[in-house]
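Coordinates as given in my_file22.cif (mmCIF, C-alpha atoms and all ligand atoms):
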```
data_data
loop_
_atom_site.group_PDB
_atom_site.id
_atom_site.type_symbol
_atom_site.label_atom_id
_atom_site.label_comp_id
_atom_site.auth_asym_id
_atom_site.auth_seq_id
_atom_site.Cartn_x
_atom_site.Cartn_y
_atom_site.Cartn_z
ATOM 1 C CA MET A 1 100.737 126.070 71.083
ATOM 2 C CA GLN A 2 100.509 124.198 74.359
ATOM 3 C CA ILE A 3 102.876 121.237 74.340
ATOM 4 C CA ASP A 4 103.469 120.327 77.959
ATOM 5 C CA ILE A 5 100.227 118.828 79.219
ATOM 6 C CA ILE A 6 99.047 115.250 79.374
ATOM 7 C CA ASP A 7 95.642 114.922 77.768
ATOM 8 C CA HIS A 8 94.218 113.003 80.720
ATOM 9 C CA GLU A 9 95.222 110.516 83.375
ATOM 10 C CA PRO A 10 95.137 106.779 82.722
ATOM 11 C CA PRO A 11 93.430 104.432 82.103
ATOM 12 C CA TYR A 12 93.594 105.096 78.388
ATOM 13 C CA ARG A 13 90.964 103.688 76.059
ATOM 14 C CA VAL A 14 92.662 101.615 73.379
ATOM 15 C CA GLY A 15 90.553 100.824 70.340
ATOM 16 C CA VAL A 16 91.542 97.372 69.084
ATOM 17 C CA ILE A 17 91.123 96.934 65.331
ATOM 18 C CA ILE A 18 91.369 93.285 64.327
ATOM 19 C CA GLY A 19 92.340 92.800 60.692
ATOM 20 C CA SER A 20 90.450 89.538 60.289
ATOM 21 C CA LEU A 21 86.680 89.107 60.018
ATOM 22 C CA SER A 22 86.979 85.325 60.458
ATOM 23 C CA ARG A 23 85.047 83.769 63.347
ATOM 24 C CA GLU A 24 88.034 81.448 63.926
ATOM 25 C CA SER A 25 90.597 84.241 63.676
ATOM 26 C CA ILE A 26 93.945 83.608 65.330
ATOM 27 C CA ASN A 27 94.397 87.377 65.438
ATOM 28 C CA ARG A 28 91.217 87.679 67.476
ATOM 29 C CA ARG A 29 92.668 85.083 69.844
ATOM 30 C CA LEU A 30 95.864 87.123 70.048
ATOM 31 C CA ALA A 31 93.842 90.293 70.704
ATOM 32 C CA ASN A 32 91.972 88.534 73.528
ATOM 33 C CA ALA A 33 95.274 87.415 75.033
ATOM 34 C CA LEU A 34 96.626 90.973 74.806
ATOM 35 C CA THR A 35 93.540 92.248 76.636
ATOM 36 C CA ARG A 36 94.372 89.912 79.504
ATOM 37 C CA LEU A 37 98.069 90.829 79.536
ATOM 38 C CA ALA A 38 97.646 94.598 79.269
ATOM 39 C CA PRO A 39 98.703 96.857 82.160
ATOM 40 C CA ALA A 40 95.864 98.415 84.162
ATOM 41 C CA GLU A 41 96.555 101.776 82.523
ATOM 42 C CA LEU A 42 95.403 100.452 79.127
ATOM 43 C CA ARG A 43 91.761 99.478 78.629
ATOM 44 C CA LEU A 44 91.481 97.493 75.400
ATOM 45 C CA GLU A 45 88.120 97.516 73.602
ATOM 46 C CA GLU A 46 87.459 96.186 70.110
ATOM 47 C CA ILE A 47 86.234 98.552 67.406
ATOM 48 C CA THR A 48 84.261 96.496 64.880
ATOM 49 C CA TYR A 49 83.830 97.363 61.219
ATOM 50 C CA ASP A 50 82.318 94.259 59.587
ATOM 51 C CA ARG A 51 79.171 96.090 58.407
ATOM 52 C CA LEU A 52 81.020 98.767 56.433
ATOM 53 C CA PRO A 53 80.228 98.788 52.707
ATOM 54 C CA VAL A 54 83.087 99.021 50.248
ATOM 55 C CA TYR A 55 84.246 102.631 50.234
ATOM 56 C CA ASN A 56 84.179 104.902 47.230
ATOM 57 C CA ARG A 57 84.240 108.694 47.239
ATOM 58 C CA ASP A 58 80.609 109.005 46.157
ATOM 59 C CA PHE A 59 79.800 108.362 49.833
ATOM 60 C CA ASP A 60 81.693 111.468 50.939
ATOM 61 C CA ALA A 61 78.683 113.747 50.661
ATOM 62 C CA ASP A 62 76.522 111.434 52.781
ATOM 63 C CA TYR A 63 78.351 108.908 54.958
ATOM 64 C CA PRO A 64 76.210 105.865 55.911
ATOM 65 C CA PRO A 65 75.422 105.325 59.626
ATOM 66 C CA GLU A 66 77.851 102.377 59.886
ATOM 67 C CA ALA A 67 80.703 104.599 58.756
ATOM 68 C CA ILE A 68 79.696 107.470 61.037
ATOM 69 C CA GLU A 69 79.604 105.057 63.997
ATOM 70 C CA PHE A 70 82.962 103.583 63.060
ATOM 71 C CA LYS A 71 84.612 106.982 62.798
ATOM 72 C CA ALA A 72 83.087 108.060 66.110
ATOM 73 C CA ALA A 73 84.472 104.965 67.857
ATOM 74 C CA VAL A 74 87.942 105.664 66.468
ATOM 75 C CA ALA A 75 87.701 109.334 67.416
ATOM 76 C CA GLU A 76 86.750 108.452 71.014
ATOM 77 C CA ALA A 77 89.704 106.105 71.491
ATOM 78 C CA ASP A 78 92.816 107.546 73.136
ATOM 79 C CA ALA A 79 95.016 105.099 71.238
ATOM 80 C CA LEU A 80 94.719 102.341 68.651
ATOM 81 C CA LEU A 81 96.081 98.804 68.460
ATOM 82 C CA PHE A 82 96.005 97.057 65.077
ATOM 83 C CA VAL A 83 96.105 93.246 65.299
ATOM 84 C CA THR A 84 96.246 91.945 61.769
ATOM 85 C CA PRO A 85 96.866 88.879 59.673
ATOM 86 C CA GLU A 86 98.790 88.934 56.406
ATOM 87 C CA TYR A 87 96.855 88.254 53.204
ATOM 88 C CA ASN A 88 98.985 87.723 50.124
ATOM 89 C CA ARG A 89 101.843 89.778 51.570
ATOM 90 C CA SER A 90 99.636 92.720 52.506
ATOM 91 C CA ILE A 91 96.783 93.540 54.871
ATOM 92 C CA PRO A 92 93.284 92.092 54.344
ATOM 93 C CA GLY A 93 91.058 94.138 52.043
ATOM 94 C CA ALA A 94 88.419 94.609 54.743
ATOM 95 C CA LEU A 95 90.948 96.299 57.003
ATOM 96 C CA LYS A 96 92.175 98.586 54.217
ATOM 97 C CA ASN A 97 88.554 99.442 53.475
ATOM 98 C CA ALA A 98 87.963 100.424 57.116
ATOM 99 C CA ILE A 99 91.096 102.566 57.102
ATOM 100 C CA ASP A 100 89.917 104.285 53.922
ATOM 101 C CA TRP A 101 86.516 105.055 55.494
ATOM 102 C CA GLY A 102 88.252 106.636 58.464
ATOM 103 C CA SER A 103 90.454 108.791 56.258
ATOM 104 C CA ARG A 104 87.667 110.622 54.423
ATOM 105 C CA PRO A 105 85.969 112.959 53.514
ATOM 106 C CA TRP A 106 89.112 114.929 52.695
ATOM 107 C CA GLY A 107 90.185 116.972 55.715
ATOM 108 C CA GLN A 108 88.356 114.705 58.180
ATOM 109 C CA ASN A 109 91.001 112.028 58.688
ATOM 110 C CA VAL A 110 90.117 110.419 62.031
ATOM 111 C CA TRP A 111 93.448 108.587 62.307
ATOM 112 C CA ALA A 112 95.656 111.679 62.522
ATOM 113 C CA HIS A 113 97.855 111.946 65.642
ATOM 114 C CA LYS A 114 96.509 108.759 67.253
ATOM 115 C CA PRO A 115 99.092 106.871 69.302
ATOM 116 C CA THR A 116 99.153 103.511 67.542
ATOM 117 C CA ALA A 117 100.836 100.121 67.694
ATOM 118 C CA VAL A 118 100.792 97.283 65.182
ATOM 119 C CA ILE A 119 101.023 93.549 65.880
ATOM 120 C CA GLY A 120 99.969 90.464 63.968
ATOM 121 C CA ALA A 121 99.834 86.680 63.999
ATOM 122 C CA SER A 122 100.331 84.315 61.111
ATOM 123 C CA ILE A 123 100.698 80.580 60.668
ATOM 124 C CA GLY A 124 103.688 81.469 58.470
ATOM 125 C CA GLN A 125 107.240 81.802 59.786
ATOM 126 C CA ILE A 126 107.590 85.559 59.214
ATOM 127 C CA GLY A 127 104.539 86.358 61.316
ATOM 128 C CA THR A 128 102.875 89.124 59.199
ATOM 129 C CA ALA A 129 106.117 91.108 58.781
ATOM 130 C CA VAL A 130 105.309 92.093 55.187
ATOM 131 C CA ALA A 131 101.692 93.021 55.950
ATOM 132 C CA GLN A 132 102.833 95.168 58.852
ATOM 133 C CA GLN A 133 105.232 97.112 56.645
ATOM 134 C CA SER A 134 102.372 97.754 54.248
ATOM 135 C CA LEU A 135 100.105 98.856 57.100
ATOM 136 C CA ARG A 136 102.817 101.113 58.525
ATOM 137 C CA ALA A 137 103.202 102.881 55.188
ATOM 138 C CA THR A 138 99.465 103.595 55.085
ATOM 139 C CA LEU A 139 99.380 104.752 58.709
ATOM 140 C CA SER A 140 102.374 106.969 58.085
ATOM 141 C CA PHE A 141 100.588 108.653 55.175
ATOM 142 C CA LEU A 142 97.579 109.173 57.464
ATOM 143 C CA ASN A 143 99.711 111.065 60.014
ATOM 144 C CA VAL A 144 99.386 108.416 62.718
ATOM 145 C CA ARG A 145 101.845 108.445 65.660
ATOM 146 C CA GLN A 146 103.235 104.947 65.382
ATOM 147 C CA MET A 147 105.265 103.014 67.927
ATOM 148 C CA SER A 148 108.263 101.927 65.873
ATOM 149 C CA ALA A 149 109.736 99.495 68.388
ATOM 150 C CA PRO A 150 109.357 96.849 69.595
ATOM 151 C CA GLU A 151 108.010 95.182 66.491
ATOM 152 C CA ALA A 152 105.824 92.125 67.092
ATOM 153 C CA TYR A 153 105.608 89.370 64.509
ATOM 154 C CA ILE A 154 103.822 86.422 66.073
ATOM 155 C CA HIS A 155 104.248 82.988 64.540
ATOM 156 C CA PHE A 156 101.031 81.384 65.734
ATOM 157 C CA THR A 157 101.365 77.695 66.546
ATOM 158 C CA GLU A 158 98.648 75.349 67.760
ATOM 159 C CA GLY A 159 98.019 75.874 71.475
ATOM 160 C CA LEU A 160 99.940 79.165 71.757
ATOM 161 C CA VAL A 161 96.775 80.728 73.221
ATOM 162 C CA ASP A 162 94.544 78.394 75.231
ATOM 163 C CA ALA A 163 90.733 78.398 75.358
ATOM 164 C CA GLU A 164 90.738 80.899 78.248
ATOM 165 C CA GLY A 165 92.927 83.343 76.326
ATOM 166 C CA ASN A 166 96.156 82.607 78.198
ATOM 167 C CA VAL A 167 99.471 82.596 76.320
ATOM 168 C CA THR A 168 100.976 79.186 77.068
ATOM 169 C CA VAL A 169 104.602 79.941 76.138
ATOM 170 C CA PRO A 170 106.167 81.985 78.979
ATOM 171 C CA GLY A 171 108.722 83.711 76.741
ATOM 172 C CA THR A 172 105.994 84.883 74.371
ATOM 173 C CA ALA A 173 103.801 86.062 77.256
ATOM 174 C CA ASP A 174 106.749 88.076 78.629
ATOM 175 C CA PHE A 175 107.409 89.575 75.203
ATOM 176 C CA LEU A 176 103.759 90.597 74.795
ATOM 177 C CA ARG A 177 103.766 92.211 78.263
ATOM 178 C CA THR A 178 106.850 94.197 77.285
ATOM 179 C CA PHE A 179 105.197 95.207 74.003
ATOM 180 C CA LEU A 180 102.130 96.479 75.881
ATOM 181 C CA ASP A 181 104.209 98.273 78.522
ATOM 182 C CA GLU A 182 106.102 100.060 75.750
ATOM 183 C CA PHE A 183 102.809 100.923 74.081
ATOM 184 C CA LEU A 184 101.629 102.554 77.309
ATOM 185 C CA VAL A 185 104.802 104.671 77.423
ATOM 186 C CA HIS A 186 104.389 105.570 73.745
ATOM 187 C CA THR A 187 100.741 106.531 74.292
ATOM 188 C CA MET A 188 101.616 108.779 77.226
ATOM 189 C CA ARG A 189 104.378 110.441 75.228
ATOM 190 C CA VAL A 190 102.103 111.139 72.268
ATOM 191 C CA LEU A 191 99.260 112.421 74.417
ATOM 192 C CA THR A 192 101.736 114.651 76.209
ATOM 193 C CA VAL A 193 103.159 116.355 73.159
ATOM 194 C CA VAL A 194 100.133 116.190 70.895
ATOM 195 C CA PRO A 195 97.047 116.757 73.077
ATOM 196 C CA ARG A 196 93.841 115.817 71.351
ATOM 197 C CA PRO A 197 91.942 118.718 69.818
HETATM 198 C C1 LIG D 1 96.730 83.730 54.083
HETATM 199 N N1 LIG D 1 97.772 83.398 54.943
HETATM 200 C C2 LIG D 1 98.989 84.033 54.825
HETATM 201 N N2 LIG D 1 99.965 83.908 55.782
HETATM 202 C C3 LIG D 1 101.129 84.585 55.669
HETATM 203 O O1 LIG D 1 101.981 84.475 56.540
HETATM 204 N N3 LIG D 1 101.370 85.383 54.592
HETATM 205 C C4 LIG D 1 100.467 85.562 53.595
HETATM 206 O O2 LIG D 1 100.714 86.303 52.664
HETATM 207 C C5 LIG D 1 99.242 84.856 53.691
HETATM 208 N N4 LIG D 1 98.267 85.010 52.739
HETATM 209 C C6 LIG D 1 96.995 84.551 52.970
HETATM 210 C C7 LIG D 1 95.966 84.926 52.110
HETATM 211 C C8 LIG D 1 94.674 84.534 52.392
HETATM 212 C C9 LIG D 1 93.557 84.988 51.485
HETATM 213 C C10 LIG D 1 94.400 83.730 53.515
HETATM 214 C C11 LIG D 1 92.978 83.314 53.843
HETATM 215 C C12 LIG D 1 95.413 83.334 54.338
HETATM 216 C C13 LIG D 1 97.557 82.456 56.045
HETATM 217 C C14 LIG D 1 97.158 83.205 57.326
HETATM 218 O O3 LIG D 1 98.319 83.460 58.084
HETATM 219 C C15 LIG D 1 96.192 82.355 58.165
HETATM 220 O O4 LIG D 1 95.063 81.994 57.385
HETATM 221 C C16 LIG D 1 95.745 83.075 59.403
HETATM 222 O O5 LIG D 1 94.967 82.181 60.190
HETATM 223 C C17 LIG D 1 94.918 84.305 59.063
HETATM 224 O O6 LIG D 1 94.639 85.051 60.235
HETATM 225 P P1 LIG D 1 93.203 85.012 60.942
HETATM 226 O O7 LIG D 1 92.161 85.306 59.925
HETATM 227 O O8 LIG D 1 93.024 83.564 61.471
HETATM 228 O O9 LIG D 1 93.292 85.999 62.053
#
```
Output the file's structure as structure tokens, nothing else.
Ligand code: FNR
Amino acid sequence: MQIDIIDHEPPYRVGVIIGSLSRESINRRLANALTRLAPAELRLEEITYDRLPVYNRDFDADYPPEAIEFKAAVAEADALLFVTPEYNRSIPGALKNAIDWGSRPWGQNVWAHKPTAVIGASIGQIGTAVAQQSLRATLSFLNVRQMSAPEAYIHFTEGLVDAEGNVTVPGTADFLRTFLDEFLVHTMRVLTVVPRP
């Protein structure tokens, strides 16, 4: 097995999967801010999934076009960034549904080996911490290469991200830059030791 090559040079394509389908989503606002703060080596692009039906295994024999497109977009990404709210101390059902689509049919799990980071914003004080633990357990089962630190639990207050997508609190902007810089390092490490098939 070859273990000493980098898959390709940067920039890396980062598929951004936003856990909220809300038009007013604070997590979408956070994702937009992250796009602006990201280092040049990371190119963040949203992967949408709002047209996916609810998964059940009867679809396995004949995946619908929406699901084929979604899986192709995930497969083409070099890395993945989940930006999710917390719903009732877990992740939103729509996000879990999208993850389930990507994991099947059996043996065709598109998430495996992807360098991945998780972040989320909530209006609550613990900033999606419980949802992220739930998401991490699912991603772990799916053989994803997760960045374990730094963790990023964003308590979203009014005005934290302005209309142009700028983070207005300097300490938070610095933290998010550090998070993204670490994600770049993590992505390069994973792509070095686990080249894509
Ligand atoms: C919430 N919210 C929430 N917040 C939290 O910190 N922990 C939680 O368990 C929940 N649960 C929850 C359930 C449901 C159904 C909704 C609609 C909301 C509040 C949540 O943080 C807030 O609505 C955010 O604005 C949701 O993120 P988006 O959709 O704006 O990105």
* To do: Write out as a PyMOL selection string each polymer residue (protein, DNA or RNA) that has an atom no more than 9 Å from ligand LIG 1 (chain D), with all atoms listed in the file counted.
  => chain A and resi 18-30+83-92+120-131+155-156
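When the distance limit is 7 Å and all atoms listed in the file are what count, the residues near Thr48 of chain A, minus those fewer than 2 positions from it on the same chain, are Ile17, Glu46 and Asp50 of chain A.
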Write out as a compact mmCIF listing (two decimals) with C-alpha atoms, in the coordinates of the input each polymer residue whose atoms come within 9 Å of Ala40 of chain A, counting all atoms listed in the file; drop sequence neighbours fewer than 3 positions from it.
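The file below, around.txt, is the result:
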```txt
# COMPACT_ATOMS: atom_id res chain seq x y z
CA PRO A 10 95.14 106.78 82.72
CA PRO A 11 93.43 104.43 82.10
CA ARG A 43 91.76 99.48 78.63
```
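Candidate residues A:Asn56, A:Asn32, A:Thr168, A:Thr187 were compared for distance to Pro105 of chain A, and the nearest is A:Asn56, using all atoms listed in the file.
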* Could you write out as a PyMOL selection string the residues that the PyMOL selection byres (((chain A and resi 114) around 12) and not hetatm) matches in the shown file? -> chain A and resi 13-15+74-82+109-113+115-117+139-140+142-147+186-197
* All residues 10 Å or closer to Leu34 of chain A, all atoms listed in the file, same chain fewer than 6 positions away omitted, as a PyMOL selection string -> chain A and resi 16+28+44+83+165-167+173+176-177+179-180
* Contacts of Trp106 of chain A within 12 Å, all atoms listed in the file, excl. fewer than 5 positions in-chain, as a VMD selection string -> chain A and resid 57 59 to 61 100 to 101 142
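In this structure, atom CA of Arg51 of chain A sits 11.7 Å away from atom CA of Ile68 of chain A.
Distance annotation: of A:Val118, A:Leu37, A:Val54, A:Ala98, the residue with the minimal separation from Phe70 of chain A is A:Ala98; atom set is only C-alpha atoms.
Taking atom CA of Ala38 of chain A as the reference point, atom CA of Gln132 of chain A is found at 21.1 Å.
With distances taken over all atoms listed in the file, A:Leu135 is the one residue among A:Leu135, A:Ala163, A:Ala149, A:Val185 lying closest to Leu95 of chain A.
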All file atoms of segment 176-180 of chain A boxed axis-aligned, 6 Å per side, centre plus edges, as AutoDock Vina command-line options:
```
--center_x 104.5 --center_y 93.5 --center_z 76.1 --size_x 16.7 --size_y 17.9 --size_z 16.3
```
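What separates atom CA of Thr138 of chain A from atom CA of Gly107 of chain A is a distance of 16.3 Å.
Among A:Ala94, A:Arg36, A:Val169, A:Phe141, the residue with the shortest atom-to-atom distance to Pro53 of chain A, counting all atoms listed in the file, is A:Ala94.
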